[in-house]
Number of protein chains: 2
Amino acid sequence: MERADAEKPGPLKPGRGRRRAEDVRHATLTAAAELLLAEGVHALSFSKVAARAGVSKMTLYKWWPSPGALAFDAYFSAFQETLAFPDTGDVQRDLATQLRVFVNLLNRNGSVIAGIIGAAQGDADLAQALSTHYVTQRRALAVERLTRAQRAGQIRGEADLETIVDQLWGAVYHRLLLPAQPLTTEFVDHLIANLFRGVAPASPDSAM
Amino acid sequence: MERADAEKPGPLKPGRGRRRAEDVRHATLTAAAELLLAEGVHALSFSKVAARAGVSKMTLYKWWPSPGALAFDAYFSAFQETLAFPDTGDVQRDLATQLRVFVNLLNRNGSVIAGIIGAAQGDADLAQALSTHYVTQRRALAVERLTRAQRAGQIRGEADLETIVDQLWGAVYHRLLLPAQPLTTEFVDHLIANLFRGVAPASPDSAM
């Protein structure tokens with residue numbers, strides 16, 4: 001899945017060129033992301049975003065089913081580059097790089113992000129939008145990188161890749177949402193060491 | 001830390017026996033847990049719990065700093081036995097047992113639990129209560145079991161135990177709070193296999 005495809009705007013109006021639609025989409029997502037990070041997900045409305053982006057509210061209604069959907073789309077877009085999954089050919093190094101960036105982002109914007117996830121609990125529409133416009137896409141990108149590593153022989157064939165996503169990024173979210181231990185670079189190193197080296201003793205015989 | 005100690009009630013009134021205070025505490029926690037699971041954390045008030053438990057509201061004010069604190073205390077107590085960490089001497093089997101129970105619990109009461117965690121985001125008092133009365137204590141119990149396994153040679157000495165907590169229970173919470181993949185018994189098996197066997201290929205030389 002190429003992100004360029006996923007970012008194509010919706011149907012274009014007759015007489016409007018492709019560039020114009022992309023400009024509108026870009027302006028809207030930027031405005032929505034700024035509002036989201038400044039005021040939280042509950043403050044986000046089509047009216048506010050339309051005013052800030054200088055676009056018609058009708059356009060927003062046409063392109064996004066709800067303010068929540070727009071919010072998560074904006075959030076996904078805003079951090080798409082920041083949270084990209086690098087591929088230098090060394091999956092452990094690449095995961096460490098990406099997870100450090102993610103942890104840094106949470107240390108800066110953690111309360112807004114926790115607020116977004118918190119708001120999605122007990123709000124079915126918001127939960128659906130978060131799942132469709134953020135979680136599913138982020139997981140797919142992570143699994144894509146892990147699949148390449150598995151094919152390259154850097155992850156064993158029987159390892160469950162979807163579960164790795166929960167054991168890396170999910171573990172980080174755990175420290176954000178149920179805080180008790182710090183979100184540090186050392187934590188990132190432990191996440192990768194535990195998972196790649198395994199937590200069992202070196203010789204399986206010594207385990208029992 | 002023995003749970004029996006942690007569950008001792010607060011200061012007793014002169015002339016009241018220990019049994020009476022424990023009864024009151026038990027009745028209060030039971031009523032609070034029932035209300036919590038039936039109506040969610042925001043519906044919980046000292047008045048409602050006092051009425052349901054047949055205890056004085058003043059007692060609740062003395063023993064718990066806030067309804068949130070009482071809610072998480074009740075939640076912790078309600079699931080303390082269900083979510084106990086067994087110790088048969090085989091840590092992988094014990095973790096599988098406990099995590100299956102946890103996953104089953106989330107499949108039954110997941111929306112209430114997600115609602116509790118969601119409500120704690122963006123509500124500093126609730127977050128503090130959740131951390132003190134639930135998260136910190138549950139983590140300590142998990143780390144205690146993992147420490148015994150490490151001493152028994154079933155977990156290697158360099159493995160970070162706090163991080164294992166995030167990579168097992170945190171990974172499960174991830175699927176609850178950012179749903180995309182199912183909470184199944186197979187997931188539990190993958191969690192343990194990924195972590196104990198490690199996800200790198202068997203021979204370290206083949207990894208590069």
# chains A, B, ... in the order shown; residues from 1 in each chain; ligands from 1

call {"tool": "interface_residues", "arguments": {"of": "chain B", "to": "chain A", "cutoff": "6 Å", "atoms": "only C-alpha atoms", "output": "list in words"}}
result
Ala114, Gly115, Gly118, Gln121, Gly122, Gly153, Gln154, Ile155, Arg156, Ala159, Asp166, Gln167, Gly170, Ala171, His174, Asn194, Leu195, Phe196, Arg197, Gly198, Val199, Ala200, Pro201 and Ala207 of chain B

call {"tool": "write_last_selection", "arguments": {"atoms": "C-alpha atoms", "output": "compact mmCIF listing (two decimals), in the first residue's frame"}}
result
# COMPACT_ATOMS: atom_id res chain seq x y z
CA ALA B 114 -11.57 0.48 28.48
CA GLY B 115 -13.98 3.14 29.75
CA GLY B 118 -10.23 6.16 28.88
CA GLN B 121 -6.85 10.20 30.39
CA GLY B 122 -7.38 13.94 30.72
CA GLY B 153 16.78 -19.60 35.99
CA GLN B 154 13.69 -19.53 33.75
CA ILE B 155 14.30 -15.92 32.64
CA ARG B 156 17.79 -14.78 31.72
CA ALA B 159 16.06 -9.48 30.64
CA ASP B 166 4.56 -3.98 29.07
CA GLN B 167 5.21 -6.67 26.45
CA GLY B 170 0.54 -3.94 27.93
CA ALA B 171 0.31 -5.72 24.59
CA HIS B 174 -3.13 -2.37 23.32
CA ASN B 194 7.66 -14.28 20.72
CA LEU B 195 9.05 -13.16 24.05
CA PHE B 196 10.51 -16.39 25.44
CA ARG B 197 11.81 -17.89 22.21
CA GLY B 198 12.72 -14.48 20.83
CA VAL B 199 11.83 -13.35 17.32
CA ALA B 200 15.35 -13.48 15.90
CA PRO B 201 16.36 -16.55 13.89
CA ALA B 207 20.45 -12.68 11.39

call {"tool": "residues_around", "arguments": {"residues": "Tyr75 of chain A", "least_positions_apart": "3", "cutoff": "8 Å", "atoms": "only C-alpha atoms", "output": "ChimeraX atom specification"}}
result
/A:33,36,71-72,78-79,134

call {"tool": "select_by_dssp", "arguments": {"residues": "chain A", "states": "alpha helix (DSSP H)", "output": "PyMOL selection string"}}
result
chain A and resi 3-6+18-39+46-53+57-63+67-78+91-120+124-130+136-151+161-165+171-177+185-197

call {"tool": "residues_around", "arguments": {"residues": "Val55 of chain B", "least_positions_apart": "5", "cutoff": "10 Å", "atoms": "only C-alpha atoms", "output": "list in words"}}
result
Val24, Arg25, Ala27, Thr28, Ser47, Val49, Ala50 and Leu60 of chain B

call {"tool": "write_last_selection", "arguments": {"atoms": "N, CA and C atoms", "output": "PDB file, in the first residue's frame"}}
result
ATOM      1  N   VAL B  24     -17.163  -3.642  56.736  1.00  0.00           N
ATOM      2  CA  VAL B  24     -17.562  -2.396  56.077  1.00  0.00           C
ATOM      3  C   VAL B  24     -16.745  -2.217  54.793  1.00  0.00           C
ATOM      4  N   ARG B  25     -15.451  -2.444  54.909  1.00  0.00           N
ATOM      5  CA  ARG B  25     -14.594  -2.304  53.746  1.00  0.00           C
ATOM      6  C   ARG B  25     -15.002  -3.276  52.639  1.00  0.00           C
ATOM      7  N   ALA B  27     -17.962  -4.731  52.200  1.00  0.00           N
ATOM      8  CA  ALA B  27     -19.275  -4.363  51.648  1.00  0.00           C
ATOM      9  C   ALA B  27     -19.135  -3.169  50.698  1.00  0.00           C
ATOM     10  N   THR B  28     -18.278  -2.230  51.086  1.00  0.00           N
ATOM     11  CA  THR B  28     -18.082  -1.039  50.257  1.00  0.00           C
ATOM     12  C   THR B  28     -17.437  -1.392  48.930  1.00  0.00           C
ATOM     13  N   SER B  47     -22.090   8.732  47.450  1.00  0.00           N
ATOM     14  CA  SER B  47     -23.487   8.566  47.865  1.00  0.00           C
ATOM     15  C   SER B  47     -24.056   7.236  47.386  1.00  0.00           C
ATOM     16  N   VAL B  49     -22.500   4.510  46.369  1.00  0.00           N
ATOM     17  CA  VAL B  49     -21.827   3.349  46.957  1.00  0.00           C
ATOM     18  C   VAL B  49     -22.280   3.173  48.410  1.00  0.00           C
ATOM     19  N   ALA B  50     -22.355   4.294  49.154  1.00  0.00           N
ATOM     20  CA  ALA B  50     -22.761   4.233  50.562  1.00  0.00           C
ATOM     21  C   ALA B  50     -24.160   3.641  50.684  1.00  0.00           C
ATOM     22  N   LEU B  60     -16.699   6.446  53.932  1.00  0.00           N
ATOM     23  CA  LEU B  60     -16.037   6.426  52.616  1.00  0.00           C
ATOM     24  C   LEU B  60     -15.096   7.621  52.478  1.00  0.00           C
TER      25      LEU B  60
END

call {"tool": "residues_around", "arguments": {"residues": "segment 99-107 of chain A", "least_positions_apart": "6", "cutoff": "7 Å", "atoms": "only C-alpha atoms", "output": "JSON list (two decimals) with N, CA and C atoms, in the first residue's frame"}}
result
[["chain", "number", "residue", "atom", "x", "y", "z"],
["A", 83, "LEU", "N", 6.96, 9.46, 11.94],
["A", 83, "LEU", "CA", 6.86, 8.08, 12.42],
["A", 83, "LEU", "C", 7.10, 7.05, 11.31],
["A", 183, "LEU", "N", 9.02, 6.56, 29.91],
["A", 183, "LEU", "CA", 9.20, 6.34, 28.48],
["A", 183, "LEU", "C", 10.58, 6.87, 28.08],
["A", 184, "THR", "N", 11.57, 6.00, 28.10],
["A", 184, "THR", "CA", 12.95, 6.42, 27.88],
["A", 184, "THR", "C", 13.58, 5.64, 26.72],
["A", 185, "THR", "N", 14.77, 6.09, 26.34],
["A", 185, "THR", "CA", 15.55, 5.38, 25.33],
["A", 185, "THR", "C", 15.94, 3.99, 25.83],
["A", 188, "VAL", "N", 13.21, 1.60, 25.19],
["A", 188, "VAL", "CA", 13.23, 1.15, 23.78],
["A", 188, "VAL", "C", 14.26, 0.03, 23.60]]

call {"tool": "closest_residue", "arguments": {"among": "B:His42, B:Arg145, B:Lys48, B:Lys57", "to": "Leu95 of chain B", "atoms": "only C-alpha atoms"}}
result
B:Arg145
